$ cat final_16.pdb   # PDB, N, CA, C and O atoms, pLDDT in the B column
ATOM      1  N   MET A   9       4.325   9.935 -10.390  1.00 45.00           N
ATOM      2  CA  MET A   9       4.725  10.371  -9.058  1.00 45.00           C
ATOM      3  C   MET A   9       5.993  11.201  -9.190  1.00 45.00           C
ATOM      4  O   MET A   9       7.082  10.677  -9.275  1.00 45.00           O
ATOM      5  N   THR A  10       5.820  12.475  -9.186  1.00 59.00           N
ATOM      6  CA  THR A  10       6.958  13.328  -9.481  1.00 59.00           C
ATOM      7  C   THR A  10       7.591  13.968  -8.257  1.00 59.00           C
ATOM      8  O   THR A  10       8.704  14.442  -8.336  1.00 59.00           O
ATOM      9  N   ASP A  11       6.903  14.017  -7.146  1.00 85.00           N
ATOM     10  CA  ASP A  11       7.514  14.647  -5.978  1.00 85.00           C
ATOM     11  C   ASP A  11       7.173  13.879  -4.704  1.00 85.00           C
ATOM     12  O   ASP A  11       6.347  12.974  -4.708  1.00 85.00           O
ATOM     13  N   ASP A  12       7.853  14.252  -3.622  1.00 86.00           N
ATOM     14  CA  ASP A  12       7.651  13.571  -2.348  1.00 86.00           C
ATOM     15  C   ASP A  12       6.205  13.672  -1.879  1.00 86.00           C
ATOM     16  O   ASP A  12       5.657  12.713  -1.331  1.00 86.00           O
ATOM     17  N   LYS A  13       5.583  14.804  -2.102  1.00 90.00           N
ATOM     18  CA  LYS A  13       4.210  15.006  -1.645  1.00 90.00           C
ATOM     19  C   LYS A  13       3.264  13.997  -2.302  1.00 90.00           C
ATOM     20  O   LYS A  13       2.412  13.409  -1.642  1.00 90.00           O
ATOM     21  N   SER A  14       3.425  13.781  -3.605  1.00 92.00           N
ATOM     22  CA  SER A  14       2.566  12.820  -4.287  1.00 92.00           C
ATOM     23  C   SER A  14       2.879  11.388  -3.842  1.00 92.00           C
ATOM     24  O   SER A  14       1.979  10.552  -3.761  1.00 92.00           O
ATOM     25  N   LEU A  15       4.155  11.123  -3.535  1.00 91.00           N
ATOM     26  CA  LEU A  15       4.510   9.798  -3.023  1.00 91.00           C
ATOM     27  C   LEU A  15       3.867   9.547  -1.665  1.00 91.00           C
ATOM     28  O   LEU A  15       3.316   8.476  -1.417  1.00 91.00           O
ATOM     29  N   PHE A  16       3.929  10.526  -0.781  1.00 93.00           N
ATOM     30  CA  PHE A  16       3.299  10.379   0.531  1.00 93.00           C
ATOM     31  C   PHE A  16       1.788  10.224   0.390  1.00 93.00           C
ATOM     32  O   PHE A  16       1.159   9.452   1.112  1.00 93.00           O
ATOM     33  N   SER A  17       1.200  10.931  -0.550  1.00 95.00           N
ATOM     34  CA  SER A  17      -0.230  10.807  -0.798  1.00 95.00           C
ATOM     35  C   SER A  17      -0.570   9.390  -1.243  1.00 95.00           C
ATOM     36  O   SER A  17      -1.539   8.787  -0.773  1.00 95.00           O
ATOM     37  N   ARG A  18       0.222   8.844  -2.150  1.00 95.00           N
ATOM     38  CA  ARG A  18      -0.014   7.476  -2.630  1.00 95.00           C
ATOM     39  C   ARG A  18       0.184   6.473  -1.497  1.00 95.00           C
ATOM     40  O   ARG A  18      -0.594   5.519  -1.362  1.00 95.00           O
ATOM     41  N   ILE A  19       1.198   6.683  -0.674  1.00 95.00           N
ATOM     42  CA  ILE A  19       1.425   5.798   0.471  1.00 95.00           C
ATOM     43  C   ILE A  19       0.218   5.826   1.397  1.00 95.00           C
ATOM     44  O   ILE A  19      -0.259   4.779   1.851  1.00 95.00           O
ATOM     45  N   ASP A  20      -0.305   7.009   1.662  1.00 97.00           N
ATOM     46  CA  ASP A  20      -1.500   7.134   2.506  1.00 97.00           C
ATOM     47  C   ASP A  20      -2.676   6.364   1.914  1.00 97.00           C
ATOM     48  O   ASP A  20      -3.425   5.694   2.633  1.00 97.00           O
ATOM     49  N   GLN A  21      -2.856   6.460   0.594  1.00 97.00           N
ATOM     50  CA  GLN A  21      -3.944   5.741  -0.075  1.00 97.00           C
ATOM     51  C   GLN A  21      -3.775   4.233   0.066  1.00 97.00           C
ATOM     52  O   GLN A  21      -4.743   3.509   0.335  1.00 97.00           O
ATOM     53  N   LEU A  22      -2.555   3.764  -0.130  1.00 97.00           N
ATOM     54  CA  LEU A  22      -2.289   2.333  -0.042  1.00 97.00           C
ATOM     55  C   LEU A  22      -2.509   1.804   1.375  1.00 97.00           C
ATOM     56  O   LEU A  22      -3.085   0.734   1.569  1.00 97.00           O
ATOM     57  N   VAL A  23      -2.055   2.564   2.367  1.00 96.00           N
ATOM     58  CA  VAL A  23      -2.246   2.161   3.766  1.00 96.00           C
ATOM     59  C   VAL A  23      -3.736   2.140   4.108  1.00 96.00           C
ATOM     60  O   VAL A  23      -4.219   1.207   4.766  1.00 96.00           O
ATOM     61  N   ALA A  24      -4.474   3.134   3.624  1.00 97.00           N
ATOM     62  CA  ALA A  24      -5.915   3.174   3.870  1.00 97.00           C
ATOM     63  C   ALA A  24      -6.597   1.959   3.236  1.00 97.00           C
ATOM     64  O   ALA A  24      -7.486   1.339   3.841  1.00 97.00           O
ATOM     65  N   GLU A  25      -6.183   1.614   2.029  1.00 97.00           N
ATOM     66  CA  GLU A  25      -6.752   0.440   1.363  1.00 97.00           C
ATOM     67  C   GLU A  25      -6.425  -0.831   2.136  1.00 97.00           C
ATOM     68  O   GLU A  25      -7.264  -1.722   2.279  1.00 97.00           O
ATOM     69  N   GLU A  26      -5.203  -0.908   2.657  1.00 96.00           N
ATOM     70  CA  GLU A  26      -4.807  -2.076   3.451  1.00 96.00           C
ATOM     71  C   GLU A  26      -5.701  -2.217   4.684  1.00 96.00           C
ATOM     72  O   GLU A  26      -6.193  -3.306   4.988  1.00 96.00           O
ATOM     73  N   HIS A  27      -5.938  -1.110   5.376  1.00 96.00           N
ATOM     74  CA  HIS A  27      -6.793  -1.148   6.573  1.00 96.00           C
ATOM     75  C   HIS A  27      -8.222  -1.550   6.205  1.00 96.00           C
ATOM     76  O   HIS A  27      -8.849  -2.351   6.909  1.00 96.00           O
ATOM     77  N   GLU A  28      -8.717  -0.998   5.109  1.00 96.00           N
ATOM     78  CA  GLU A  28     -10.071  -1.326   4.659  1.00 96.00           C
ATOM     79  C   GLU A  28     -10.184  -2.812   4.314  1.00 96.00           C
ATOM     80  O   GLU A  28     -11.162  -3.475   4.654  1.00 96.00           O
ATOM     81  N   LEU A  29      -9.168  -3.330   3.650  1.00 95.00           N
ATOM     82  CA  LEU A  29      -9.135  -4.740   3.271  1.00 95.00           C
ATOM     83  C   LEU A  29      -9.166  -5.630   4.513  1.00 95.00           C
ATOM     84  O   LEU A  29      -9.928  -6.603   4.577  1.00 95.00           O
ATOM     85  N   ARG A  30      -8.357  -5.283   5.500  1.00 94.00           N
ATOM     86  CA  ARG A  30      -8.313  -6.080   6.732  1.00 94.00           C
ATOM     87  C   ARG A  30      -9.646  -6.006   7.483  1.00 94.00           C
ATOM     88  O   ARG A  30     -10.110  -7.001   8.037  1.00 94.00           O
ATOM     89  N   THR A  31     -10.273  -4.836   7.468  1.00 96.00           N
ATOM     90  CA  THR A  31     -11.576  -4.674   8.120  1.00 96.00           C
ATOM     91  C   THR A  31     -12.635  -5.517   7.423  1.00 96.00           C
ATOM     92  O   THR A  31     -13.429  -6.209   8.080  1.00 96.00           O
ATOM     93  N   LYS A  32     -12.639  -5.478   6.097  1.00 95.00           N
ATOM     94  CA  LYS A  32     -13.612  -6.277   5.332  1.00 95.00           C
ATOM     95  C   LYS A  32     -13.383  -7.771   5.560  1.00 95.00           C
ATOM     96  O   LYS A  32     -14.337  -8.540   5.681  1.00 95.00           O
ATOM     97  N   HIS A  33     -12.114  -8.176   5.621  1.00 95.00           N
ATOM     98  CA  HIS A  33     -11.810  -9.585   5.850  1.00 95.00           C
ATOM     99  C   HIS A  33     -12.293 -10.011   7.233  1.00 95.00           C
ATOM    100  O   HIS A  33     -12.889 -11.069   7.393  1.00 95.00           O
ATOM    101  N   ALA A  34     -12.044  -9.177   8.227  1.00 95.00           N
ATOM    102  CA  ALA A  34     -12.468  -9.496   9.591  1.00 95.00           C
ATOM    103  C   ALA A  34     -13.988  -9.605   9.690  1.00 95.00           C
ATOM    104  O   ALA A  34     -14.514 -10.387  10.485  1.00 95.00           O
ATOM    105  N   ALA A  35     -14.701  -8.832   8.862  1.00 96.00           N
ATOM    106  CA  ALA A  35     -16.162  -8.854   8.865  1.00 96.00           C
ATOM    107  C   ALA A  35     -16.725  -9.951   7.960  1.00 96.00           C
ATOM    108  O   ALA A  35     -17.942 -10.080   7.817  1.00 96.00           O
ATOM    109  N   GLY A  36     -15.832 -10.712   7.321  1.00 95.00           N
ATOM    110  CA  GLY A  36     -16.281 -11.790   6.457  1.00 95.00           C
ATOM    111  C   GLY A  36     -16.767 -11.330   5.091  1.00 95.00           C
ATOM    112  O   GLY A  36     -17.462 -12.058   4.393  1.00 95.00           O
ATOM    113  N   GLN A  37     -16.411 -10.115   4.705  1.00 96.00           N
ATOM    114  CA  GLN A  37     -16.874  -9.558   3.435  1.00 96.00           C
ATOM    115  C   GLN A  37     -15.933  -9.850   2.272  1.00 96.00           C
ATOM    116  O   GLN A  37     -16.237  -9.504   1.134  1.00 96.00           O
ATOM    117  N   ILE A  38     -14.785 -10.441   2.558  1.00 93.00           N
ATOM    118  CA  ILE A  38     -13.814 -10.747   1.508  1.00 93.00           C
ATOM    119  C   ILE A  38     -13.148 -12.081   1.838  1.00 93.00           C
ATOM    120  O   ILE A  38     -12.871 -12.371   3.000  1.00 93.00           O
ATOM    121  N   ALA A  39     -12.919 -12.878   0.818  1.00 94.00           N
ATOM    122  CA  ALA A  39     -12.322 -14.203   1.002  1.00 94.00           C
ATOM    123  C   ALA A  39     -10.847 -14.102   1.368  1.00 94.00           C
ATOM    124  O   ALA A  39     -10.172 -13.130   1.010  1.00 94.00           O
ATOM    125  N   ASP A  40     -10.351 -15.132   2.056  1.00 94.00           N
ATOM    126  CA  ASP A  40      -8.944 -15.162   2.481  1.00 94.00           C
ATOM    127  C   ASP A  40      -7.989 -14.960   1.312  1.00 94.00           C
ATOM    128  O   ASP A  40      -7.071 -14.155   1.389  1.00 94.00           O
ATOM    129  N   GLU A  41      -8.197 -15.723   0.241  1.00 95.00           N
ATOM    130  CA  GLU A  41      -7.285 -15.649  -0.901  1.00 95.00           C
ATOM    131  C   GLU A  41      -7.327 -14.277  -1.564  1.00 95.00           C
ATOM    132  O   GLU A  41      -6.291 -13.740  -1.966  1.00 95.00           O
ATOM    133  N   ASP A  42      -8.507 -13.681  -1.663  1.00 93.00           N
ATOM    134  CA  ASP A  42      -8.620 -12.339  -2.244  1.00 93.00           C
ATOM    135  C   ASP A  42      -7.863 -11.322  -1.398  1.00 93.00           C
ATOM    136  O   ASP A  42      -7.176 -10.450  -1.922  1.00 93.00           O
ATOM    137  N   GLU A  43      -7.990 -11.459  -0.078  1.00 94.00           N
ATOM    138  CA  GLU A  43      -7.282 -10.541   0.812  1.00 94.00           C
ATOM    139  C   GLU A  43      -5.773 -10.713   0.652  1.00 94.00           C
ATOM    140  O   GLU A  43      -5.044  -9.734   0.492  1.00 94.00           O
ATOM    141  N   ARG A  44      -5.307 -11.952   0.684  1.00 94.00           N
ATOM    142  CA  ARG A  44      -3.865 -12.200   0.569  1.00 94.00           C
ATOM    143  C   ARG A  44      -3.308 -11.685  -0.756  1.00 94.00           C
ATOM    144  O   ARG A  44      -2.239 -11.070  -0.787  1.00 94.00           O
ATOM    145  N   THR A  45      -4.023 -11.928  -1.840  1.00 96.00           N
ATOM    146  CA  THR A  45      -3.563 -11.493  -3.160  1.00 96.00           C
ATOM    147  C   THR A  45      -3.426  -9.977  -3.214  1.00 96.00           C
ATOM    148  O   THR A  45      -2.403  -9.444  -3.659  1.00 96.00           O
ATOM    149  N   ARG A  46      -4.444  -9.270  -2.739  1.00 96.00           N
ATOM    150  CA  ARG A  46      -4.403  -7.807  -2.782  1.00 96.00           C
ATOM    151  C   ARG A  46      -3.368  -7.265  -1.808  1.00 96.00           C
ATOM    152  O   ARG A  46      -2.670  -6.289  -2.117  1.00 96.00           O
ATOM    153  N   LEU A  47      -3.244  -7.870  -0.630  1.00 96.00           N
ATOM    154  CA  LEU A  47      -2.244  -7.413   0.343  1.00 96.00           C
ATOM    155  C   LEU A  47      -0.835  -7.535  -0.220  1.00 96.00           C
ATOM    156  O   LEU A  47      -0.005  -6.646  -0.031  1.00 96.00           O
ATOM    157  N   ARG A  48      -0.567  -8.638  -0.933  1.00 96.00           N
ATOM    158  CA  ARG A  48       0.755  -8.795  -1.550  1.00 96.00           C
ATOM    159  C   ARG A  48       1.018  -7.679  -2.554  1.00 96.00           C
ATOM    160  O   ARG A  48       2.110  -7.106  -2.595  1.00 96.00           O
ATOM    161  N   ALA A  49       0.025  -7.356  -3.362  1.00 97.00           N
ATOM    162  CA  ALA A  49       0.178  -6.282  -4.351  1.00 97.00           C
ATOM    163  C   ALA A  49       0.394  -4.934  -3.659  1.00 97.00           C
ATOM    164  O   ALA A  49       1.225  -4.127  -4.092  1.00 97.00           O
ATOM    165  N   LEU A  50      -0.339  -4.697  -2.588  1.00 96.00           N
ATOM    166  CA  LEU A  50      -0.173  -3.448  -1.833  1.00 96.00           C
ATOM    167  C   LEU A  50       1.228  -3.354  -1.237  1.00 96.00           C
ATOM    168  O   LEU A  50       1.856  -2.296  -1.281  1.00 96.00           O
ATOM    169  N   GLU A  51       1.709  -4.453  -0.676  1.00 95.00           N
ATOM    170  CA  GLU A  51       3.047  -4.457  -0.078  1.00 95.00           C
ATOM    171  C   GLU A  51       4.114  -4.140  -1.114  1.00 95.00           C
ATOM    172  O   GLU A  51       5.043  -3.378  -0.837  1.00 95.00           O
ATOM    173  N   VAL A  52       3.988  -4.715  -2.302  1.00 97.00           N
ATOM    174  CA  VAL A  52       4.960  -4.459  -3.369  1.00 97.00           C
ATOM    175  C   VAL A  52       4.948  -2.981  -3.742  1.00 97.00           C
ATOM    176  O   VAL A  52       6.000  -2.339  -3.836  1.00 97.00           O
ATOM    177  N   GLU A  53       3.754  -2.423  -3.924  1.00 96.00           N
ATOM    178  CA  GLU A  53       3.675  -1.013  -4.312  1.00 96.00           C
ATOM    179  C   GLU A  53       4.169  -0.097  -3.201  1.00 96.00           C
ATOM    180  O   GLU A  53       4.860   0.891  -3.464  1.00 96.00           O
ATOM    181  N   LEU A  54       3.841  -0.430  -1.956  1.00 96.00           N
ATOM    182  CA  LEU A  54       4.340   0.365  -0.835  1.00 96.00           C
ATOM    183  C   LEU A  54       5.868   0.330  -0.770  1.00 96.00           C
ATOM    184  O   LEU A  54       6.508   1.364  -0.572  1.00 96.00           O
ATOM    185  N   ASP A  55       6.439  -0.846  -0.934  1.00 96.00           N
ATOM    186  CA  ASP A  55       7.901  -0.967  -0.936  1.00 96.00           C
ATOM    187  C   ASP A  55       8.519  -0.116  -2.041  1.00 96.00           C
ATOM    188  O   ASP A  55       9.536   0.554  -1.830  1.00 96.00           O
ATOM    189  N   GLN A  56       7.911  -0.132  -3.213  1.00 96.00           N
ATOM    190  CA  GLN A  56       8.421   0.673  -4.327  1.00 96.00           C
ATOM    191  C   GLN A  56       8.368   2.161  -4.006  1.00 96.00           C
ATOM    192  O   GLN A  56       9.309   2.912  -4.296  1.00 96.00           O
ATOM    193  N   CYS A  57       7.269   2.602  -3.400  1.00 95.00           N
ATOM    194  CA  CYS A  57       7.135   4.023  -3.026  1.00 95.00           C
ATOM    195  C   CYS A  57       8.196   4.423  -2.008  1.00 95.00           C
ATOM    196  O   CYS A  57       8.842   5.462  -2.146  1.00 95.00           O
ATOM    197  N   TRP A  58       8.373   3.594  -0.966  1.00 93.00           N
ATOM    198  CA  TRP A  58       9.369   3.905   0.058  1.00 93.00           C
ATOM    199  C   TRP A  58      10.777   3.896  -0.528  1.00 93.00           C
ATOM    200  O   TRP A  58      11.602   4.746  -0.191  1.00 93.00           O
ATOM    201  N   ASP A  59      11.068   2.933  -1.410  1.00 95.00           N
ATOM    202  CA  ASP A  59      12.391   2.888  -2.052  1.00 95.00           C
ATOM    203  C   ASP A  59      12.644   4.154  -2.865  1.00 95.00           C
ATOM    204  O   ASP A  59      13.742   4.718  -2.821  1.00 95.00           O
ATOM    205  N   LEU A  60      11.643   4.602  -3.598  1.00 92.00           N
ATOM    206  CA  LEU A  60      11.778   5.804  -4.396  1.00 92.00           C
ATOM    207  C   LEU A  60      12.037   7.027  -3.506  1.00 92.00           C
ATOM    208  O   LEU A  60      12.899   7.869  -3.804  1.00 92.00           O
ATOM    209  N   LEU A  61      11.332   7.109  -2.395  1.00 90.00           N
ATOM    210  CA  LEU A  61      11.563   8.204  -1.442  1.00 90.00           C
ATOM    211  C   LEU A  61      12.997   8.172  -0.902  1.00 90.00           C
ATOM    212  O   LEU A  61      13.658   9.206  -0.829  1.00 90.00           O
ATOM    213  N   ARG A  62      13.447   6.985  -0.524  1.00 92.00           N
ATOM    214  CA  ARG A  62      14.817   6.860   0.004  1.00 92.00           C
ATOM    215  C   ARG A  62      15.844   7.269  -1.043  1.00 92.00           C
ATOM    216  O   ARG A  62      16.820   7.956  -0.733  1.00 92.00           O
ATOM    217  N   GLN A  63      15.637   6.862  -2.285  1.00 91.00           N
ATOM    218  CA  GLN A  63      16.561   7.224  -3.362  1.00 91.00           C
ATOM    219  C   GLN A  63      16.604   8.730  -3.558  1.00 91.00           C
ATOM    220  O   GLN A  63      17.674   9.305  -3.768  1.00 91.00           O
ATOM    221  N   ARG A  64      15.477   9.377  -3.471  1.00 87.00           N
ATOM    222  CA  ARG A  64      15.426  10.827  -3.665  1.00 87.00           C
ATOM    223  C   ARG A  64      16.115  11.580  -2.542  1.00 87.00           C
ATOM    224  O   ARG A  64      16.640  12.669  -2.744  1.00 87.00           O
ATOM    225  N   ARG A  65      16.085  10.997  -1.352  1.00 86.00           N
ATOM    226  CA  ARG A  65      16.662  11.682  -0.194  1.00 86.00           C
ATOM    227  C   ARG A  65      18.131  11.342   0.006  1.00 86.00           C
ATOM    228  O   ARG A  65      18.784  11.938   0.856  1.00 86.00           O
ATOM    229  N   ALA A  66      18.635  10.399  -0.765  1.00 81.00           N
ATOM    230  CA  ALA A  66      20.042   9.995  -0.626  1.00 81.00           C
ATOM    231  C   ALA A  66      20.965  10.992  -1.317  1.00 81.00           C
ATOM    232  O   ALA A  66      20.612  11.756  -2.143  1.00 81.00           O
TER     233      ALA A  66
END
$ encode --input "final_16.pdb" --output "structure tokens"
Amino acid sequence: MTDDKSLFSRIDQLVAEEHELRTKHAAGQIADEDERTRLRALEVELDQCWDLLRQRRA
């Protein structure tokens, strides 16, 4: 991830995956624990992306 554009692209991908995960969970297509595990990983990666953006803009 070398520039802001690629960071925003990755953030968009992660948010889309989060929405898809929640939709699948609501439809009963994914187990609670699987959803929670992946959501935690997504949150960590999203936080890292946002932190990197903030550092670049500081």
$ atom_distance --input "final_16.pdb" --atom1 "atom N of Ser14 of chain A" --atom2 "atom C of Arg30 of chain A"
26.2 Å
$ closest_residue --input "final_16.pdb" --among "A:Ala34, A:Ala66, A:Leu29, A:Leu60" --to "Asp12 of chain A" --atoms "only C-alpha atoms"
A:Leu60
$ closest_residue --input "final_16.pdb" --among "A:Leu22, A:His27, A:Ile38, A:His33" --to "Glu53 of chain A" --atoms "only N, CA, C and O atoms"
A:Leu22
$ select_by_dssp --input "final_16.pdb" --residues "chain A" --states "helix (DSSP H, G or I)" --output "short mmCIF file (atom, residue, chain, number, x, y, z; two decimals) with N, CA, C and O atoms, keeping the file's coordinate frame"
data_model
loop_
_atom_site.label_atom_id
_atom_site.label_comp_id
_atom_site.auth_asym_id
_atom_site.auth_seq_id
_atom_site.Cartn_x
_atom_site.Cartn_y
_atom_site.Cartn_z
N ASP A 12 7.85 14.25 -3.62
CA ASP A 12 7.65 13.57 -2.35
C ASP A 12 6.20 13.67 -1.88
O ASP A 12 5.66 12.71 -1.33
N LYS A 13 5.58 14.80 -2.10
CA LYS A 13 4.21 15.01 -1.64
C LYS A 13 3.26 14.00 -2.30
O LYS A 13 2.41 13.41 -1.64
N SER A 14 3.42 13.78 -3.60
CA SER A 14 2.57 12.82 -4.29
C SER A 14 2.88 11.39 -3.84
O SER A 14 1.98 10.55 -3.76
N LEU A 15 4.16 11.12 -3.54
CA LEU A 15 4.51 9.80 -3.02
C LEU A 15 3.87 9.55 -1.66
O LEU A 15 3.32 8.48 -1.42
N PHE A 16 3.93 10.53 -0.78
CA PHE A 16 3.30 10.38 0.53
C PHE A 16 1.79 10.22 0.39
O PHE A 16 1.16 9.45 1.11
N SER A 17 1.20 10.93 -0.55
CA SER A 17 -0.23 10.81 -0.80
C SER A 17 -0.57 9.39 -1.24
O SER A 17 -1.54 8.79 -0.77
N ARG A 18 0.22 8.84 -2.15
CA ARG A 18 -0.01 7.48 -2.63
C ARG A 18 0.18 6.47 -1.50
O ARG A 18 -0.59 5.52 -1.36
N ILE A 19 1.20 6.68 -0.67
CA ILE A 19 1.42 5.80 0.47
C ILE A 19 0.22 5.83 1.40
O ILE A 19 -0.26 4.78 1.85
N ASP A 20 -0.30 7.01 1.66
CA ASP A 20 -1.50 7.13 2.51
C ASP A 20 -2.68 6.36 1.91
O ASP A 20 -3.42 5.69 2.63
N GLN A 21 -2.86 6.46 0.59
CA GLN A 21 -3.94 5.74 -0.08
C GLN A 21 -3.78 4.23 0.07
O GLN A 21 -4.74 3.51 0.34
N LEU A 22 -2.56 3.76 -0.13
CA LEU A 22 -2.29 2.33 -0.04
C LEU A 22 -2.51 1.80 1.38
O LEU A 22 -3.08 0.73 1.57
N VAL A 23 -2.06 2.56 2.37
CA VAL A 23 -2.25 2.16 3.77
C VAL A 23 -3.74 2.14 4.11
O VAL A 23 -4.22 1.21 4.77
N ALA A 24 -4.47 3.13 3.62
CA ALA A 24 -5.92 3.17 3.87
C ALA A 24 -6.60 1.96 3.24
O ALA A 24 -7.49 1.34 3.84
N GLU A 25 -6.18 1.61 2.03
CA GLU A 25 -6.75 0.44 1.36
C GLU A 25 -6.42 -0.83 2.14
O GLU A 25 -7.26 -1.72 2.28
N GLU A 26 -5.20 -0.91 2.66
CA GLU A 26 -4.81 -2.08 3.45
C GLU A 26 -5.70 -2.22 4.68
O GLU A 26 -6.19 -3.31 4.99
N HIS A 27 -5.94 -1.11 5.38
CA HIS A 27 -6.79 -1.15 6.57
C HIS A 27 -8.22 -1.55 6.20
O HIS A 27 -8.85 -2.35 6.91
N GLU A 28 -8.72 -1.00 5.11
CA GLU A 28 -10.07 -1.33 4.66
C GLU A 28 -10.18 -2.81 4.31
O GLU A 28 -11.16 -3.48 4.65
N LEU A 29 -9.17 -3.33 3.65
CA LEU A 29 -9.14 -4.74 3.27
C LEU A 29 -9.17 -5.63 4.51
O LEU A 29 -9.93 -6.60 4.58
N ARG A 30 -8.36 -5.28 5.50
CA ARG A 30 -8.31 -6.08 6.73
C ARG A 30 -9.65 -6.01 7.48
O ARG A 30 -10.11 -7.00 8.04
N THR A 31 -10.27 -4.84 7.47
CA THR A 31 -11.58 -4.67 8.12
C THR A 31 -12.64 -5.52 7.42
O THR A 31 -13.43 -6.21 8.08
N LYS A 32 -12.64 -5.48 6.10
CA LYS A 32 -13.61 -6.28 5.33
C LYS A 32 -13.38 -7.77 5.56
O LYS A 32 -14.34 -8.54 5.68
N HIS A 33 -12.11 -8.18 5.62
CA HIS A 33 -11.81 -9.59 5.85
C HIS A 33 -12.29 -10.01 7.23
O HIS A 33 -12.89 -11.07 7.39
N ALA A 34 -12.04 -9.18 8.23
CA ALA A 34 -12.47 -9.50 9.59
C ALA A 34 -13.99 -9.60 9.69
O ALA A 34 -14.51 -10.39 10.48
N ASP A 40 -10.35 -15.13 2.06
CA ASP A 40 -8.94 -15.16 2.48
C ASP A 40 -7.99 -14.96 1.31
O ASP A 40 -7.07 -14.16 1.39
N GLU A 41 -8.20 -15.72 0.24
CA GLU A 41 -7.28 -15.65 -0.90
C GLU A 41 -7.33 -14.28 -1.56
O GLU A 41 -6.29 -13.74 -1.97
N ASP A 42 -8.51 -13.68 -1.66
CA ASP A 42 -8.62 -12.34 -2.24
C ASP A 42 -7.86 -11.32 -1.40
O ASP A 42 -7.18 -10.45 -1.92
N GLU A 43 -7.99 -11.46 -0.08
CA GLU A 43 -7.28 -10.54 0.81
C GLU A 43 -5.77 -10.71 0.65
O GLU A 43 -5.04 -9.73 0.49
N ARG A 44 -5.31 -11.95 0.68
CA ARG A 44 -3.86 -12.20 0.57
C ARG A 44 -3.31 -11.68 -0.76
O ARG A 44 -2.24 -11.07 -0.79
N THR A 45 -4.02 -11.93 -1.84
CA THR A 45 -3.56 -11.49 -3.16
C THR A 45 -3.43 -9.98 -3.21
O THR A 45 -2.40 -9.44 -3.66
N ARG A 46 -4.44 -9.27 -2.74
CA ARG A 46 -4.40 -7.81 -2.78
C ARG A 46 -3.37 -7.26 -1.81
O ARG A 46 -2.67 -6.29 -2.12
N LEU A 47 -3.24 -7.87 -0.63
CA LEU A 47 -2.24 -7.41 0.34
C LEU A 47 -0.84 -7.54 -0.22
O LEU A 47 0.00 -6.65 -0.03
N ARG A 48 -0.57 -8.64 -0.93
CA ARG A 48 0.76 -8.80 -1.55
C ARG A 48 1.02 -7.68 -2.55
O ARG A 48 2.11 -7.11 -2.60
N ALA A 49 0.02 -7.36 -3.36
CA ALA A 49 0.18 -6.28 -4.35
C ALA A 49 0.39 -4.93 -3.66
O ALA A 49 1.23 -4.13 -4.09
N LEU A 50 -0.34 -4.70 -2.59
CA LEU A 50 -0.17 -3.45 -1.83
C LEU A 50 1.23 -3.35 -1.24
O LEU A 50 1.86 -2.30 -1.28
N GLU A 51 1.71 -4.45 -0.68
CA GLU A 51 3.05 -4.46 -0.08
C GLU A 51 4.11 -4.14 -1.11
O GLU A 51 5.04 -3.38 -0.84
N VAL A 52 3.99 -4.72 -2.30
CA VAL A 52 4.96 -4.46 -3.37
C VAL A 52 4.95 -2.98 -3.74
O VAL A 52 6.00 -2.34 -3.84
N GLU A 53 3.75 -2.42 -3.92
CA GLU A 53 3.68 -1.01 -4.31
C GLU A 53 4.17 -0.10 -3.20
O GLU A 53 4.86 0.89 -3.46
N LEU A 54 3.84 -0.43 -1.96
CA LEU A 54 4.34 0.36 -0.84
C LEU A 54 5.87 0.33 -0.77
O LEU A 54 6.51 1.36 -0.57
N ASP A 55 6.44 -0.85 -0.93
CA ASP A 55 7.90 -0.97 -0.94
C ASP A 55 8.52 -0.12 -2.04
O ASP A 55 9.54 0.55 -1.83
N GLN A 56 7.91 -0.13 -3.21
CA GLN A 56 8.42 0.67 -4.33
C GLN A 56 8.37 2.16 -4.01
O GLN A 56 9.31 2.91 -4.30
N CYS A 57 7.27 2.60 -3.40
CA CYS A 57 7.14 4.02 -3.03
C CYS A 57 8.20 4.42 -2.01
O CYS A 57 8.84 5.46 -2.15
N TRP A 58 8.37 3.59 -0.97
CA TRP A 58 9.37 3.90 0.06
C TRP A 58 10.78 3.90 -0.53
O TRP A 58 11.60 4.75 -0.19
N ASP A 59 11.07 2.93 -1.41
CA ASP A 59 12.39 2.89 -2.05
C ASP A 59 12.64 4.15 -2.86
O ASP A 59 13.74 4.72 -2.82
N LEU A 60 11.64 4.60 -3.60
CA LEU A 60 11.78 5.80 -4.40
C LEU A 60 12.04 7.03 -3.51
O LEU A 60 12.90 7.87 -3.80
N LEU A 61 11.33 7.11 -2.40
CA LEU A 61 11.56 8.20 -1.44
C LEU A 61 13.00 8.17 -0.90
O LEU A 61 13.66 9.21 -0.83
N ARG A 62 13.45 6.98 -0.52
CA ARG A 62 14.82 6.86 0.00
C ARG A 62 15.84 7.27 -1.04
O ARG A 62 16.82 7.96 -0.73
N GLN A 63 15.64 6.86 -2.28
CA GLN A 63 16.56 7.22 -3.36
C GLN A 63 16.60 8.73 -3.56
O GLN A 63 17.67 9.30 -3.77
N ARG A 64 15.48 9.38 -3.47
CA ARG A 64 15.43 10.83 -3.66
C ARG A 64 16.11 11.58 -2.54
O ARG A 64 16.64 12.67 -2.74
N ARG A 65 16.08 11.00 -1.35
CA ARG A 65 16.66 11.68 -0.19
C ARG A 65 18.13 11.34 0.01
O ARG A 65 18.78 11.94 0.86
#
$ atom_distance --input "final_16.pdb" --atom1 "atom CA of Asp11 of chain A" --atom2 "atom CA of Glu51 of chain A"
20.5 Å
$ closest_residue --input "final_16.pdb" --among "A:Leu54, A:Arg44, A:Leu61, A:Ala39" --to "Val23 of chain A" --atoms "only N, CA, C and O atoms"
A:Leu54
$ atom_distance --input "final_16.pdb" --atom1 "atom C of Glu25 of chain A" --atom2 "atom N of Arg65 of chain A"
25.7 Å
